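The next block is model.cif, given as mmCIF, C-alpha atoms.
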data_data
#
loop_
_atom_site.label_atom_id
_atom_site.label_comp_id
_atom_site.auth_asym_id
_atom_site.auth_seq_id
_atom_site.Cartn_x
_atom_site.Cartn_y
_atom_site.Cartn_z
CA MET A 1 10.43 12.90 -13.17
CA LYS A 2 11.09 9.34 -12.00
CA LEU A 3 8.49 6.60 -11.48
CA PHE A 4 9.26 3.58 -9.33
CA PHE A 5 7.25 0.35 -9.49
CA ALA A 6 6.89 -1.41 -6.13
CA THR A 7 5.04 -4.38 -7.59
CA SER A 8 5.53 -7.27 -9.99
CA ASN A 9 2.02 -6.93 -11.43
CA TYR A 10 2.89 -7.04 -15.12
CA VAL A 11 -0.51 -5.84 -16.29
CA VAL A 12 -0.24 -2.62 -14.31
CA LYS A 13 3.43 -2.08 -15.15
CA GLY A 14 2.88 -2.74 -18.85
CA THR A 15 -0.08 -0.37 -19.06
CA VAL A 16 1.78 2.42 -17.28
CA LYS A 17 4.98 2.01 -19.29
CA GLU A 18 3.10 2.09 -22.60
CA PHE A 19 1.21 5.20 -21.48
CA LEU A 20 4.42 6.97 -20.48
CA LYS A 21 6.13 5.97 -23.71
CA GLN A 22 3.36 7.62 -25.71
CA LYS A 23 2.48 10.59 -23.51
CA LEU A 24 5.37 11.33 -21.15
CA PRO A 25 8.57 9.87 -22.63
CA GLN A 26 10.68 12.08 -20.35
CA VAL A 27 9.59 10.11 -17.27
CA GLN A 28 12.18 7.55 -16.22
CA THR A 29 10.88 4.25 -14.84
CA PHE A 30 12.56 1.87 -12.42
CA ASP A 31 11.61 -1.48 -10.93
CA VAL A 32 12.27 -1.44 -7.21
CA LEU A 33 14.49 -4.44 -6.53
CA LYS A 34 16.82 -3.61 -3.66
CA ASP A 35 16.84 -0.87 -1.05
CA ASP A 36 20.29 0.38 -2.01
CA ASP A 37 19.46 0.69 -5.71
CA PHE A 38 16.21 2.45 -4.96
CA LYS A 39 17.80 4.93 -2.58
CA TYR A 40 20.55 5.68 -5.10
CA HIS A 41 18.01 6.72 -7.74
CA LEU A 42 15.82 8.43 -5.16
CA GLY A 43 18.55 10.53 -3.62
CA SER A 44 18.24 13.56 -5.85
CA ASP A 45 16.16 16.69 -6.16
CA SER A 46 14.02 15.29 -8.94
CA ASP A 47 10.27 14.75 -8.61
CA CYS A 48 9.66 11.07 -7.86
CA VAL A 49 6.53 8.94 -7.73
CA ILE A 50 6.38 5.42 -6.32
CA LEU A 51 3.48 3.24 -7.46
CA VAL A 52 2.92 0.82 -4.61
CA GLU A 53 0.87 -2.38 -4.67
CA LYS A 54 -1.50 -2.37 -1.69
CA PHE A 55 0.11 -5.09 0.42
CA PHE A 56 3.69 -3.96 -0.22
CA LEU A 57 3.83 -1.75 2.87
CA GLY A 58 0.59 -2.91 4.44
CA LEU A 59 1.79 -3.46 8.01
CA CYS A 60 4.03 -0.42 8.38
CA ILE A 61 3.20 2.23 5.78
CA GLN A 62 3.95 5.29 7.88
CA GLU A 63 7.40 4.06 8.88
CA LYS A 64 8.51 3.48 5.30
CA MET A 65 6.96 6.66 3.94
CA THR A 66 8.71 8.72 6.60
CA SER A 67 12.12 7.15 6.03
CA LEU A 68 11.97 7.50 2.24
CA LYS A 69 10.73 11.08 2.35
CA GLY A 70 13.73 11.81 4.54
CA ILE A 71 15.86 11.00 1.48
CA ASN A 72 13.74 12.92 -1.01
CA ASP A 73 10.96 15.13 0.27
CA LYS A 74 9.50 15.37 -3.24
CA LEU A 75 8.66 11.68 -3.28
CA ARG A 76 4.95 11.03 -3.82
CA PHE A 77 3.29 7.74 -2.91
CA VAL A 78 0.48 6.28 -4.98
CA PHE A 79 -1.10 3.03 -3.80
CA PHE A 80 -3.15 0.69 -5.93
CA GLU A 81 -5.07 -2.57 -5.82
CA THR A 82 -6.53 -4.82 -8.46
CA GLY A 83 -9.81 -6.70 -8.46
CA GLU A 84 -13.41 -5.61 -8.58
CA SER A 85 -13.70 -4.39 -4.99
CA CYS A 86 -12.30 -1.18 -3.51
CA SER A 87 -10.75 -1.16 -0.03
CA ASP A 88 -12.17 2.19 1.06
CA PHE A 89 -10.71 2.17 4.58
CA PHE A 90 -7.25 1.39 3.23
CA GLY A 91 -7.73 4.39 0.94
CA LEU A 92 -8.64 6.51 3.96
CA ARG A 93 -5.57 5.24 5.78
CA VAL A 94 -3.09 6.26 3.05
CA HIS A 95 -4.94 9.53 2.49
CA LYS A 96 -4.43 10.33 6.18
CA LEU A 97 -0.71 9.58 5.75
CA GLY A 98 -0.42 12.04 2.89
CA ALA A 99 -0.28 9.71 -0.12
CA SER A 100 -1.01 11.32 -3.47
CA GLY A 101 -3.52 8.69 -4.44
CA PHE A 102 -5.16 5.31 -4.15
CA ILE A 103 -6.27 3.57 -7.34
CA CYS A 104 -8.80 0.74 -7.24
CA ASN A 105 -9.32 -1.69 -10.15
CA ALA A 106 -5.88 -0.68 -11.39
CA GLU A 107 -5.69 -3.48 -13.95
CA THR A 108 -8.27 -1.52 -15.96
CA SER A 109 -6.58 1.16 -18.05
CA GLU A 110 -9.76 3.27 -18.01
CA THR A 111 -9.33 3.56 -14.24
CA LEU A 112 -5.54 3.54 -13.92
CA LEU A 113 -4.48 6.06 -16.55
CA PRO A 114 -6.80 8.99 -15.72
CA ALA A 115 -5.73 8.69 -12.09
CA LEU A 116 -2.05 8.74 -13.03
CA GLN A 117 -2.59 11.72 -15.31
CA LYS A 118 -3.99 13.63 -12.34
CA ILE A 119 -1.01 12.68 -10.20
CA PHE A 120 1.57 13.56 -12.86
CA SER A 121 -0.16 16.95 -13.13
CA GLY A 122 0.48 17.55 -9.44
CA ASN A 123 -2.98 16.64 -8.15
CA SER A 124 -4.23 13.78 -5.99
CA ALA A 125 -6.41 10.91 -7.14
CA TYR A 126 -8.79 8.96 -4.91
CA PRO A 127 -11.94 6.97 -5.64
CA GLN A 128 -15.15 8.91 -5.16
CA THR A 129 -16.19 6.48 -2.44
CA VAL A 130 -13.11 7.43 -0.39
CA LEU A 131 -13.78 11.14 -0.89
CA ASP A 132 -17.39 10.59 0.20
CA ASP A 133 -16.17 8.77 3.32
CA ILE A 134 -13.95 11.73 4.17
CA LYS A 135 -16.88 14.10 3.76
CA ASN A 136 -18.86 11.90 6.14
CA GLY A 137 -16.10 11.92 8.73
CA LEU A 138 -15.07 8.27 8.51
CA HIS A 139 -11.42 9.30 8.25
CA LEU A 140 -11.59 10.30 11.93
CA THR A 141 -12.63 6.88 13.24
CA ARG A 142 -10.47 4.25 14.92
CA ALA A 143 -10.70 2.12 11.79
CA VAL A 144 -8.44 4.57 9.96
CA GLY A 145 -4.78 4.90 10.87
CA GLU A 146 -1.67 2.87 11.41
CA LEU A 147 -1.76 -0.51 13.09
CA THR A 148 -1.40 -0.52 16.84
CA GLU A 149 1.28 -2.77 18.31
CA THR A 150 -1.39 -5.30 19.31
CA GLU A 151 -3.00 -5.27 15.86
CA PHE A 152 0.42 -5.80 14.32
CA ASN A 153 1.06 -8.81 16.55
CA VAL A 154 -2.35 -10.27 15.71
CA ALA A 155 -1.63 -9.83 11.99
CA VAL A 156 1.67 -11.67 12.32
CA ALA A 157 -0.02 -14.50 14.25
CA LEU A 158 -2.73 -14.80 11.58
CA ALA A 159 -0.04 -14.82 8.88
CA LYS A 160 1.56 -17.78 10.64
CA GLY A 161 -1.74 -19.65 10.58
CA LYS A 162 -2.82 -19.31 14.20
CA THR A 163 -6.50 -19.47 15.08
CA VAL A 164 -8.47 -16.93 17.07
CA LYS A 165 -8.41 -19.21 20.11
CA GLU A 166 -4.65 -19.72 19.87
CA ILE A 167 -4.03 -15.99 19.58
CA ALA A 168 -6.33 -15.26 22.51
CA TRP A 169 -4.50 -17.85 24.62
CA ASP A 170 -1.07 -16.42 23.71
CA MET A 171 -2.17 -12.83 24.40
CA HIS A 172 -4.15 -13.64 27.56
CA VAL A 173 -7.29 -11.98 26.18
CA THR A 174 -10.75 -13.19 25.19
CA ASP A 175 -11.71 -14.54 21.79
CA SER A 176 -13.99 -11.55 21.31
CA SER A 177 -11.08 -9.17 21.89
CA VAL A 178 -9.07 -10.90 19.18
CA ARG A 179 -12.03 -10.70 16.80
CA SER A 180 -12.24 -6.98 17.50
CA TYR A 181 -8.57 -6.55 16.59
CA ILE A 182 -9.13 -8.57 13.43
CA HIS A 183 -12.06 -6.36 12.46
CA TYR A 184 -9.87 -3.26 12.46
CA LEU A 185 -7.01 -5.11 10.80
CA ARG A 186 -9.24 -6.07 7.89
CA LEU A 187 -10.15 -2.47 7.28
CA LYS A 188 -6.64 -1.09 7.67
CA ILE A 189 -4.84 -3.56 5.38
CA GLY A 190 -7.61 -3.85 2.81
CA TYR A 191 -8.37 -7.50 3.60
CA GLN A 192 -10.06 -9.55 0.89
CA ASN A 193 -9.35 -13.14 1.98
CA PRO A 194 -7.41 -15.05 4.69
CA ALA A 195 -4.33 -15.38 2.46
CA ASP A 196 -3.93 -11.59 2.63
CA TYR A 197 -2.35 -11.82 6.08
CA ALA A 198 0.34 -14.19 4.82
CA GLU A 199 0.94 -11.99 1.77
CA VAL A 200 1.32 -8.72 3.66
CA TYR A 201 3.65 -10.41 6.16
CA ARG A 202 5.74 -11.92 3.36
CA GLN A 203 6.07 -8.51 1.76
CA MET A 204 7.35 -7.08 5.03
CA LEU A 205 9.91 -9.86 5.48
CA ASP A 206 11.13 -9.47 1.89
CA ARG A 207 11.80 -5.78 2.47
CA ASN A 208 13.49 -6.39 5.81
CA MET A 209 15.77 -8.92 4.11
CA GLY A 210 16.83 -6.26 1.60
CA GLY A 211 14.46 -7.04 -1.25
CA TRP A 212 11.74 -4.83 -2.70
CA ASN A 213 9.99 -7.41 -4.85
CA GLY A 214 6.25 -6.81 -4.88
CA SER A 215 3.65 -9.52 -5.33
CA GLN A 216 1.58 -10.13 -8.42
CA ASP A 217 -1.86 -9.05 -7.28
#

Translate this file's structure into structure tokens.
Amino acid sequence: MKLFFATSNYVVKGTVKEFLKQKLPQVQTFDVLKDDDFKYHLGSDSDCVILVEKFFLGLCIQEKMTSLKGINDKLRFVFFETGESCSDFFGLRVHKLGASGFICNAETSETLLPALQKIFSGNSAYPQTVLDDIKNGLHLTRAVGELTETEFNVAVALAKGKTVKEIAWDMHVTDSSVRSYIHYLRLKIGYQNPADYAEVYRQMLDRNMGGWNGSQD
């Protein structure tokens, strides 16, 4: 098995590497640095897991998941976030896309390691709150799914520091329409603060320029 880290969060990486060293020494680990290197290691029949920091693919998750699974259909995606909160709707989004898990509070080994153990055993791992939301049908709402083209454009505008009024003027829509787009954006990308838009946009640009360097959450 191969595990790829799509993040530079040293707490998470250190915890996982120490766990694997003690419990699963046969698992190879790689830091995702460049597309070509990643695809070289990915292009085999081996079971692969990629541990992805939440904002790393935040604006275009489905596109990247589809293209990488075209190289290795055994690749499993596991998303994580750090901090005390849990972005339930982001969890619903990646669940709908077929990810193997979403781990909240991943800097805590008591949360991170049991979830990874489940995934390495071939199971999925999601917070109970996300599973409860699925039971209640929230995964079927508009708030869950990939960004629409308009939502994507609003996210880019916010990342560039534009105000609601400026975005509304550029798009020829009302301020309230822009606020509605922002509401769904916040849920879909797991928004915690205004800087998140700039971060998720930066991550996208880094990948498009050939780099796979994740942020330190």

Distance query 10 Å from (8.1, 6.7, -10.3) using only C-alpha atoms, result as a compact mmCIF listing (two decimals) with C-alpha atoms, in the frame of the given file:
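Saved as out-v9.txt:
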# COMPACT_ATOMS: atom_id res chain seq x y z
CA MET A 1 10.43 12.90 -13.17
CA LYS A 2 11.09 9.34 -12.00
CA LEU A 3 8.49 6.60 -11.48
CA PHE A 4 9.26 3.58 -9.33
CA PHE A 5 7.25 0.35 -9.49
CA ALA A 6 6.89 -1.41 -6.13
CA VAL A 27 9.59 10.11 -17.27
CA GLN A 28 12.18 7.55 -16.22
CA THR A 29 10.88 4.25 -14.84
CA PHE A 30 12.56 1.87 -12.42
CA ASP A 31 11.61 -1.48 -10.93
CA VAL A 32 12.27 -1.44 -7.21
CA LEU A 42 15.82 8.43 -5.16
CA ASP A 47 10.27 14.75 -8.61
CA CYS A 48 9.66 11.07 -7.86
CA VAL A 49 6.53 8.94 -7.73
CA ILE A 50 6.38 5.42 -6.32
CA LEU A 51 3.48 3.24 -7.46
CA VAL A 52 2.92 0.82 -4.61
CA LEU A 75 8.66 11.68 -3.28
CA ARG A 76 4.95 11.03 -3.82
CA PHE A 77 3.29 7.74 -2.91
CA VAL A 78 0.48 6.28 -4.98
CA PHE A 120 1.57 13.56 -12.86

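Ranking A:Tyr181, A:Thr66, A:Asn72, A:Leu113 by their shortest atom-to-atom distance to A:Glu18, with all atoms listed in the file included, puts A:Leu113 first.
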
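Distances here use all atoms listed in the file; by that measure, the residue among A:Ala115, A:Val94, A:Leu24, A:Ala168 closest to A:Gly58 is A:Val94.
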
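Here atom CA of A:Tyr184 is placed at a distance of 20.6 Å from atom CA of A:Lys135.
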
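Nearest to A:Asp88 of all the residues A:Lys64, A:His41, A:Arg186, A:His172 is A:Arg186, counting only C-alpha atoms.
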
May I have the residues within 9 Å of A:Ala198 as a VMD selection string, using only C-alpha atoms and disregarding those fewer than 3 positions away in the same chain?
chain A and resid 155 to 156 158 to 161 194 to 195 201 to 203

Dump of C-alpha atoms for the selected residues, as a compact mmCIF listing (two decimals), in the coordinates of the input:
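selection-v2.txt, freshly written:
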# COMPACT_ATOMS: atom_id res chain seq x y z
CA ALA A 155 -1.63 -9.83 11.99
CA VAL A 156 1.67 -11.67 12.32
CA LEU A 158 -2.73 -14.80 11.58
CA ALA A 159 -0.04 -14.82 8.88
CA LYS A 160 1.56 -17.78 10.64
CA GLY A 161 -1.74 -19.65 10.58
CA PRO A 194 -7.41 -15.05 4.69
CA ALA A 195 -4.33 -15.38 2.46
CA TYR A 201 3.65 -10.41 6.16
CA ARG A 202 5.74 -11.92 3.36
CA GLN A 203 6.07 -8.51 1.76

Selected residue, from A:Ser100, A:Thr163, A:Ser8, A:Ser46, that lies nearest to A:Ile71 when counting only C-alpha atoms
A:Ser46

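Considering only C-alpha atoms, the residue among A:Ser124, A:Ser44, A:Thr141, A:Gln117 positioned nearest to A:Phe89 is A:Thr141.
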
Pull out every residue that the PyMOL selection byres ((chain A and resi 189) around 9) matches in the shown coordinates and put them as a PyMOL selection string.
chain A and resi 54-55+58-59+87+89-90+93+147+184-188+190-191+196-197+200

Within 12 Å of A:Met171, counting all atoms listed in the file, which residues show up once you throw out same-chain ones fewer than 3 positions away? Write them as a JSON list (two decimals) with C-alpha atoms, in the coordinates of the input, please.
[["chain", "number", "residue", "atom", "x", "y", "z"],
["A", 150, "THR", "CA", -1.39, -5.30, 19.31],
["A", 151, "GLU", "CA", -3.00, -5.27, 15.86],
["A", 153, "ASN", "CA", 1.06, -8.81, 16.55],
["A", 154, "VAL", "CA", -2.35, -10.27, 15.71],
["A", 157, "ALA", "CA", -0.02, -14.50, 14.25],
["A", 164, "VAL", "CA", -8.47, -16.93, 17.07],
["A", 165, "LYS", "CA", -8.41, -19.21, 20.11],
["A", 166, "GLU", "CA", -4.65, -19.72, 19.87],
["A", 167, "ILE", "CA", -4.03, -15.99, 19.58],
["A", 168, "ALA", "CA", -6.33, -15.26, 22.51],
["A", 174, "THR", "CA", -10.75, -13.19, 25.19],
["A", 175, "ASP", "CA", -11.71, -14.54, 21.79],
["A", 177, "SER", "CA", -11.08, -9.17, 21.89],
["A", 178, "VAL", "CA", -9.07, -10.90, 19.18],
["A", 181, "TYR", "CA", -8.57, -6.55, 16.59]]

Residues picked by the PyMOL selection byres ((chain A and resi 9) around 12) here, as JSON, numbers by chain?
{"A": [5, 6, 7, 8, 10, 11, 12, 13, 14, 15, 16, 31, 51, 52, 53, 54, 56, 80, 81, 82, 106, 107, 213, 214, 215, 216, 217]}
